[in-house]
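Here is the file work-v6.txt (compact mmCIF, C-alpha atoms).
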# COMPACT_ATOMS: atom_id res chain seq x y z
CA MET A 910 56.17 143.24 135.47
CA PHE A 911 56.93 139.72 134.37
CA TRP A 912 58.07 140.76 130.88
CA LEU A 913 61.00 142.62 132.36
CA THR A 914 62.56 139.49 133.98
CA ARG A 915 65.48 137.84 132.26
CA PRO A 916 64.89 134.42 130.58
CA PRO A 917 66.61 131.40 132.27
CA TYR A 918 69.55 131.20 129.84
CA ILE A 919 71.70 129.16 132.23
CA ARG A 920 69.05 126.46 132.65
CA TRP A 921 68.57 126.27 128.89
CA ALA A 922 72.32 125.93 128.35
CA VAL A 923 72.58 123.14 130.94
CA ALA A 924 69.61 121.29 129.41
CA ALA A 925 71.14 121.63 125.92
CA ALA A 926 74.49 120.35 127.20
CA ILE A 927 72.80 117.31 128.77
CA VAL A 928 70.96 116.54 125.50
CA VAL A 929 74.18 116.87 123.46
CA ALA A 930 76.11 114.67 125.92
CA ALA A 931 73.38 111.99 125.80
CA LEU A 932 73.37 112.09 121.99
CA LEU A 933 77.15 111.72 121.83
CA TRP A 934 77.02 108.86 124.39
CA ASP A 935 74.41 107.07 122.28
CA LEU A 936 76.24 107.62 118.99
CA ARG A 937 79.53 106.23 120.27
CA GLY A 938 78.06 102.70 120.02
CA SER A 939 79.15 99.64 121.90
CA VAL A 940 81.98 97.24 121.28
CA GLN A 941 80.82 94.20 119.33
CA ILE A 942 82.30 90.70 119.58
CA LEU A 943 81.68 87.54 117.57
CA TYR A 944 79.66 84.88 119.42
CA PRO A 945 78.92 81.27 118.37
CA PHE A 946 75.37 80.25 117.44
CA ALA A 947 74.21 76.82 116.27
CA SER A 948 73.60 76.80 112.51
CA THR A 949 71.91 73.38 112.75
CA ALA A 950 70.43 71.35 115.59
CA ILE A 951 73.13 69.66 117.68
CA ALA A 952 72.30 66.51 119.66
CA ALA A 953 73.61 66.02 123.18
CA GLY A 954 76.82 64.02 123.36
CA THR A 955 77.94 64.78 119.82
CA PRO A 956 81.08 66.73 118.91
CA ILE A 957 80.39 70.27 117.67
CA SER A 958 82.02 70.86 114.29
CA ASP A 959 82.88 74.16 112.63
CA SER A 960 80.12 73.60 110.06
CA GLN A 961 77.53 73.58 112.88
CA VAL A 962 78.63 76.99 114.20
CA VAL A 963 77.84 80.42 112.77
CA TRP A 964 79.46 83.50 114.33
CA ARG A 965 77.28 86.58 114.93
CA SER A 966 78.03 90.00 116.36
CA ILE A 967 76.67 90.78 119.84
CA PRO A 968 77.53 93.53 122.35
CA GLU A 969 80.62 92.75 124.41
CA GLY A 970 79.76 91.43 127.86
CA ALA A 971 76.26 90.25 126.89
CA MET A 972 77.25 86.57 127.27
CA GLU A 973 80.35 84.66 128.26
CA VAL A 974 82.09 83.06 125.27
CA PRO A 975 82.38 79.26 125.61
CA ASP A 976 85.60 77.29 125.16
CA LEU A 977 85.27 75.63 121.76
CA THR A 978 88.45 73.53 121.78
CA ASP A 979 87.27 69.97 121.08
CA PRO A 980 83.68 70.86 122.07
CA ILE A 981 81.01 68.27 122.79
CA ALA A 982 77.36 69.22 123.30
CA SER A 983 76.37 68.53 126.90
CA ARG A 984 72.69 69.02 125.99
CA ASP A 985 70.58 69.40 122.86
CA VAL A 986 71.14 72.75 121.15
CA ALA A 987 68.47 73.98 118.74
CA ALA A 988 69.34 75.63 115.44
CA GLY A 989 69.79 79.38 115.91
CA GLU A 990 70.38 79.07 119.66
CA PRO A 991 73.51 80.67 121.14
CA ILE A 992 76.09 78.12 122.24
CA VAL A 993 76.53 79.07 125.89
CA PRO A 994 79.24 77.59 128.18
CA SER A 995 76.70 75.32 129.93
CA ALA A 996 75.85 73.67 126.58
CA VAL A 997 79.48 72.70 125.89
CA SER A 998 81.58 70.04 127.54
CA GLY A 999 85.16 69.19 126.73
CA VAL A 1000 84.68 65.57 127.73
CA SER A 1001 82.63 63.03 125.79
CA LEU A 1002 79.66 61.57 127.63
CA ILE A 1003 80.45 58.20 126.07
CA PRO A 1004 83.60 56.43 127.32
CA ASP A 1005 85.86 55.07 124.59
CA GLY A 1006 84.67 51.77 123.20
CA TRP A 1007 81.18 51.93 124.71
CA TRP A 1008 78.05 51.53 122.59
CA SER A 1009 74.88 53.66 122.62
CA VAL A 1010 71.68 51.62 122.89
CA PRO A 1011 68.06 52.85 122.71
CA VAL A 1012 66.46 52.35 126.14
CA PRO A 1013 63.13 53.50 127.64
CA LEU A 1014 64.02 56.31 130.06
CA PRO A 1015 62.07 58.12 132.77
CA SER A 1016 61.22 61.75 132.03
CA VAL A 1017 63.63 63.04 134.71
CA ALA A 1018 66.69 61.54 133.00
CA VAL A 1019 69.04 64.07 131.41
CA PRO A 1020 72.23 63.56 129.39
CA GLY A 1021 75.11 62.64 131.67
CA THR A 1022 72.92 60.86 134.25
CA ARG A 1023 74.41 57.58 135.46
CA VAL A 1024 72.01 54.64 135.30
CA ARG A 1025 72.02 51.00 136.39
CA LEU A 1026 70.49 48.61 133.85
CA VAL A 1027 69.03 45.33 135.09
CA GLY A 1028 67.78 42.56 132.82
CA ILE A 1029 64.84 40.59 134.24
CA GLU A 1030 64.95 37.42 132.10
CA THR A 1031 68.68 37.16 131.44
CA SER A 1032 69.61 38.39 134.94
CA PHE A 1033 72.39 40.85 134.17
CA GLU A 1034 73.42 44.17 135.68
CA THR A 1035 75.54 46.90 134.16
CA ASP A 1036 76.15 50.60 134.48
CA GLY A 1037 75.32 53.10 131.77
CA ILE A 1038 75.36 56.82 131.01
CA VAL A 1039 72.42 58.66 129.44
CA VAL A 1040 73.59 60.16 126.16
CA SER A 1041 70.32 61.64 124.90
CA VAL A 1042 66.71 61.60 126.02
CA ALA A 1043 63.44 61.15 124.16
CA GLY A 1044 62.42 64.04 121.96
CA ASP A 1045 59.86 66.51 123.24
CA GLU A 1046 58.20 66.94 119.88
CA LEU A 1047 54.41 67.01 119.87
CA LEU A 1048 54.04 63.87 117.76
CA SER A 1049 56.78 61.87 119.49
CA PHE A 1050 55.31 58.80 121.16
CA SER A 1051 58.62 57.23 122.14
CA ASP A 1052 60.09 57.42 125.62
CA SER A 1053 63.37 55.90 124.44
CA GLY A 1054 66.66 57.67 124.76
CA LEU A 1055 70.22 56.56 124.16
CA VAL A 1056 72.28 55.03 126.96
CA ALA A 1057 75.99 54.27 126.59
CA VAL A 1058 76.90 50.79 127.87
CA PRO A 1059 80.09 48.71 127.96
CA PRO A 1060 80.58 46.66 124.77
CA ALA A 1061 80.16 43.33 126.60
CA TYR A 1062 76.58 44.30 127.53
CA ALA A 1063 75.47 46.17 124.41
CA ALA A 1064 73.69 43.22 122.78
CA VAL A 1065 71.91 41.94 125.92
CA VAL A 1066 70.78 45.48 126.84
CA ALA A 1067 69.43 46.04 123.31
CA ILE A 1068 67.53 42.73 123.36
CA ALA A 1069 66.12 43.33 126.87
CA SER A 1070 65.10 46.86 125.86
CA ARG A 1071 63.31 45.56 122.76
CA ASP A 1072 61.56 42.80 124.72
CA GLY A 1073 60.50 45.15 127.53
CA THR A 1074 62.42 43.18 130.17
CA LEU A 1075 64.86 45.94 131.11
CA ILE A 1076 64.71 47.92 134.35
CA VAL A 1077 66.42 51.33 134.41
CA LEU A 1078 67.59 52.62 137.80
CA LEU A 1079 68.68 56.28 138.06
CA ASP A 1080 71.64 57.38 140.14
CA PRO A 1081 70.32 59.84 142.75
Step by step, read the file and then write its structure as structure tokens.
Amino acid sequence: MFWLTRPPYIRWAVAAAIVVAALLWDLRGSVQILYPFASTAIAAGTPISDSQVVWRSIPEGAMEVPDLTDPIASRDVAAGEPIVPSAVSGVSLIPDGWWSVPVPLPSVAVPGTRVRLVGIETSFETDGIVVSVAGDELLSFSDSGLVAVPPAYAAVVAIASRDGTLIVLLDP
């Protein structure tokens, strides 16, 4: 006689307790922190100003917060992208007094890469630092990026770059 057996009240109570506990766990929410996002596109090597940063709430522990004391973008940061620690450097890529010159760069060059610039016709050699690389936009036909060079070589590097007589050697 199956209708004379007692219903499983204990199992129902345990199941109800688990559902209530899960509901309370979900309703408690998570701790939110403010995290920096780029409000506009930020080019590599440029200082990040307060006007280029918008703070949004994210769950705590989702991402490590970068150090934004005197921040400089170590790579290009698109508008709306979170500013992660790897995108921020505290040191400028360009040494004081150096000039940035447009130079044709190989596709493997990234900001911060050390290069050796050699002029064919004027026979000069100088060191440089890649500041930014060519854009990856669909309609961009230029392979030029910016390379920081000492002030004594800025003019000759610019002329050799324009004339196509400049050789760029990458530091391995």
Distance cut-off 9 Å, centre (80.0, 75.2, 112.5) in file coordinates, counting all atoms listed in the file: which residues qualify? Return them as a PDB file with C-alpha atoms, in the coordinates of the input.
ATOM      1  CA  PRO A 945      78.920  81.270 118.370  1.00  0.00           C
ATOM      2  CA  PHE A 946      75.370  80.250 117.440  1.00  0.00           C
ATOM      3  CA  ALA A 947      74.210  76.820 116.270  1.00  0.00           C
ATOM      4  CA  SER A 948      73.600  76.800 112.510  1.00  0.00           C
ATOM      5  CA  THR A 949      71.910  73.380 112.750  1.00  0.00           C
ATOM      6  CA  ILE A 957      80.390  70.270 117.670  1.00  0.00           C
ATOM      7  CA  SER A 958      82.020  70.860 114.290  1.00  0.00           C
ATOM      8  CA  ASP A 959      82.880  74.160 112.630  1.00  0.00           C
ATOM      9  CA  SER A 960      80.120  73.600 110.060  1.00  0.00           C
ATOM     10  CA  GLN A 961      77.530  73.580 112.880  1.00  0.00           C
ATOM     11  CA  VAL A 962      78.630  76.990 114.200  1.00  0.00           C
ATOM     12  CA  VAL A 963      77.840  80.420 112.770  1.00  0.00           C
ATOM     13  CA  TRP A 964      79.460  83.500 114.330  1.00  0.00           C
TER      14      TRP A 964
END
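Among A:Ile1038, A:Ile1003, A:Tyr944, A:Leu1075, the residue with the shortest atom-to-atom distance to Pro975 of chain A, counting only C-alpha atoms, is A:Tyr944.
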Counting only C-alpha atoms, what is within 9 Å of Gly1037 of chain A, bar same-chain residues fewer than 4 positions away, as a PyMOL selection string?
chain A and resi 1022-1026+1056-1059
Closest of A:Pro968, A:Pro916, A:Gly1073, A:Pro980 to Gly1028 of chain A - atom-to-atom distances counting all atoms listed in the file:
A:Gly1073
Within 10 Å of Ala982 of chain A using all atoms listed in the file, minus same-chain residues under 6 positions, as a VMD selection string
chain A and resid 951 to 957 992 994 to 1002 1020
One number please: atom CA of Val1042 of chain A to atom CA of Asp979 of chain A, in Å, one decimal.
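Between these atoms lies a distance of 22.7 Å.
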Which residues of segment 955-1031 of chain A come within 10 Å of segment 1065-1072 of chain A, and what is each one's closest atom pair and distance in Å (one decimal), counting all atoms listed in the file, sorted by chain and residue number, as CSV?
residue,atom,partner,partner_atom,distance
A:Ser1009,CA,A:Ala1067,CA,9.4
A:Val1010,CA,A:Ala1067,CA,6.0
A:Pro1011,CA,A:Ala1067,CA,7.0
A:Val1012,CA,A:Ser1070,CA,5.7
A:Pro1013,CA,A:Ser1070,CA,7.2
A:Leu1026,CA,A:Val1066,CA,7.7
A:Val1027,CA,A:Val1066,CA,8.4
A:Gly1028,CA,A:Ala1069,CA,6.2
A:Ile1029,CA,A:Ala1069,CA,8.0
A:Glu1030,CA,A:Ala1069,CA,8.0
A:Thr1031,CA,A:Val1065,CA,8.0
Measuring between all atoms listed in the file, which one of A:Ile919, A:Val929, A:Ala1061, A:Ile967 shows the shortest distance to Gln941 of chain A?
A:Ile967
To box segment 1050-1059 of chain A, take all atoms listed in the file, fit an axis-aligned box, add 3 Å on each side, and give centre and edge lengths in Å to one decimal, as JSON.
{"center_x": 67.7, "center_y": 53.8, "center_z": 124.6, "size_x": 30.8, "size_y": 16.1, "size_z": 12.8}
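Distances here use all atoms listed in the file; by that measure, the residue among A:Met972, A:Leu1078, A:Leu943, A:Leu1014 closest to Gly1054 of chain A is A:Leu1014.
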Out of A:Ser1053, A:Ser1016, A:Ser939, A:Ser1032, which residue has the shortest atom-to-atom distance to Ser966 of chain A when counting all atoms listed in the file?
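When distances to Ser966 of chain A are compared using all atoms listed in the file, the smallest one comes from A:Ser939.
Going from atom CA of Ala988 of chain A over to atom CA of Val1017 of chain A, you cover 23.7 Å.
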N, CA, C and O atoms are what I want for segment 933-944 of chain A; can you complete it accordingly and write them as a PDB file, in the frame of the given file?
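To be explicit, this is the file written out as part-v4.pdb:
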ATOM      1  N   LEU A 933      75.797 112.202 122.103  1.00  0.00           N
ATOM      2  CA  LEU A 933      77.150 111.720 121.830  1.00  0.00           C
ATOM      3  C   LEU A 933      77.391 110.350 122.478  1.00  0.00           C
ATOM      4  O   LEU A 933      78.039 109.484 121.894  1.00  0.00           O
ATOM      5  N   TRP A 934      76.886 110.144 123.687  1.00  0.00           N
ATOM      6  CA  TRP A 934      77.020 108.860 124.390  1.00  0.00           C
ATOM      7  C   TRP A 934      76.337 107.755 123.581  1.00  0.00           C
ATOM      8  O   TRP A 934      76.863 106.668 123.414  1.00  0.00           O
ATOM      9  N   ASP A 935      75.159 108.055 123.044  1.00  0.00           N
ATOM     10  CA  ASP A 935      74.410 107.070 122.280  1.00  0.00           C
ATOM     11  C   ASP A 935      75.078 106.782 120.931  1.00  0.00           C
ATOM     12  O   ASP A 935      75.092 105.649 120.463  1.00  0.00           O
ATOM     13  N   LEU A 936      75.626 107.794 120.310  1.00  0.00           N
ATOM     14  CA  LEU A 936      76.240 107.620 118.990  1.00  0.00           C
ATOM     15  C   LEU A 936      77.577 106.904 119.033  1.00  0.00           C
ATOM     16  O   LEU A 936      78.036 106.391 118.023  1.00  0.00           O
ATOM     17  N   ARG A 937      78.212 106.873 120.191  1.00  0.00           N
ATOM     18  CA  ARG A 937      79.530 106.230 120.270  1.00  0.00           C
ATOM     19  C   ARG A 937      79.436 104.738 120.030  1.00  0.00           C
ATOM     20  O   ARG A 937      80.392 104.103 119.628  1.00  0.00           O
ATOM     21  N   GLY A 938      78.251 104.133 120.262  1.00  0.00           N
ATOM     22  CA  GLY A 938      78.060 102.700 120.020  1.00  0.00           C
ATOM     23  C   GLY A 938      78.715 101.853 121.091  1.00  0.00           C
ATOM     24  O   GLY A 938      79.367 102.342 122.010  1.00  0.00           O
ATOM     25  N   SER A 939      78.529 100.568 120.952  1.00  0.00           N
ATOM     26  CA  SER A 939      79.150  99.640 121.900  1.00  0.00           C
ATOM     27  C   SER A 939      80.091  98.717 121.150  1.00  0.00           C
ATOM     28  O   SER A 939      79.962  98.528 119.948  1.00  0.00           O
ATOM     29  N   VAL A 940      81.018  98.149 121.867  1.00  0.00           N
ATOM     30  CA  VAL A 940      81.980  97.240 121.280  1.00  0.00           C
ATOM     31  C   VAL A 940      81.278  95.918 120.963  1.00  0.00           C
ATOM     32  O   VAL A 940      80.569  95.364 121.807  1.00  0.00           O
ATOM     33  N   GLN A 941      81.446  95.446 119.766  1.00  0.00           N
ATOM     34  CA  GLN A 941      80.820  94.200 119.330  1.00  0.00           C
ATOM     35  C   GLN A 941      81.869  93.082 119.305  1.00  0.00           C
ATOM     36  O   GLN A 941      83.031  93.328 118.981  1.00  0.00           O
ATOM     37  N   ILE A 942      81.436  91.876 119.675  1.00  0.00           N
ATOM     38  CA  ILE A 942      82.300  90.700 119.580  1.00  0.00           C
ATOM     39  C   ILE A 942      81.567  89.627 118.787  1.00  0.00           C
ATOM     40  O   ILE A 942      80.344  89.679 118.644  1.00  0.00           O
ATOM     41  N   LEU A 943      82.298  88.662 118.275  1.00  0.00           N
ATOM     42  CA  LEU A 943      81.680  87.540 117.570  1.00  0.00           C
ATOM     43  C   LEU A 943      81.351  86.452 118.585  1.00  0.00           C
ATOM     44  O   LEU A 943      82.171  86.112 119.443  1.00  0.00           O
ATOM     45  N   TYR A 944      80.134  85.887 118.473  1.00  0.00           N
ATOM     46  CA  TYR A 944      79.660  84.880 119.420  1.00  0.00           C
ATOM     47  C   TYR A 944      79.122  83.691 118.634  1.00  0.00           C
ATOM     48  O   TYR A 944      78.474  83.869 117.599  1.00  0.00           O
TER      49      TYR A 944
END
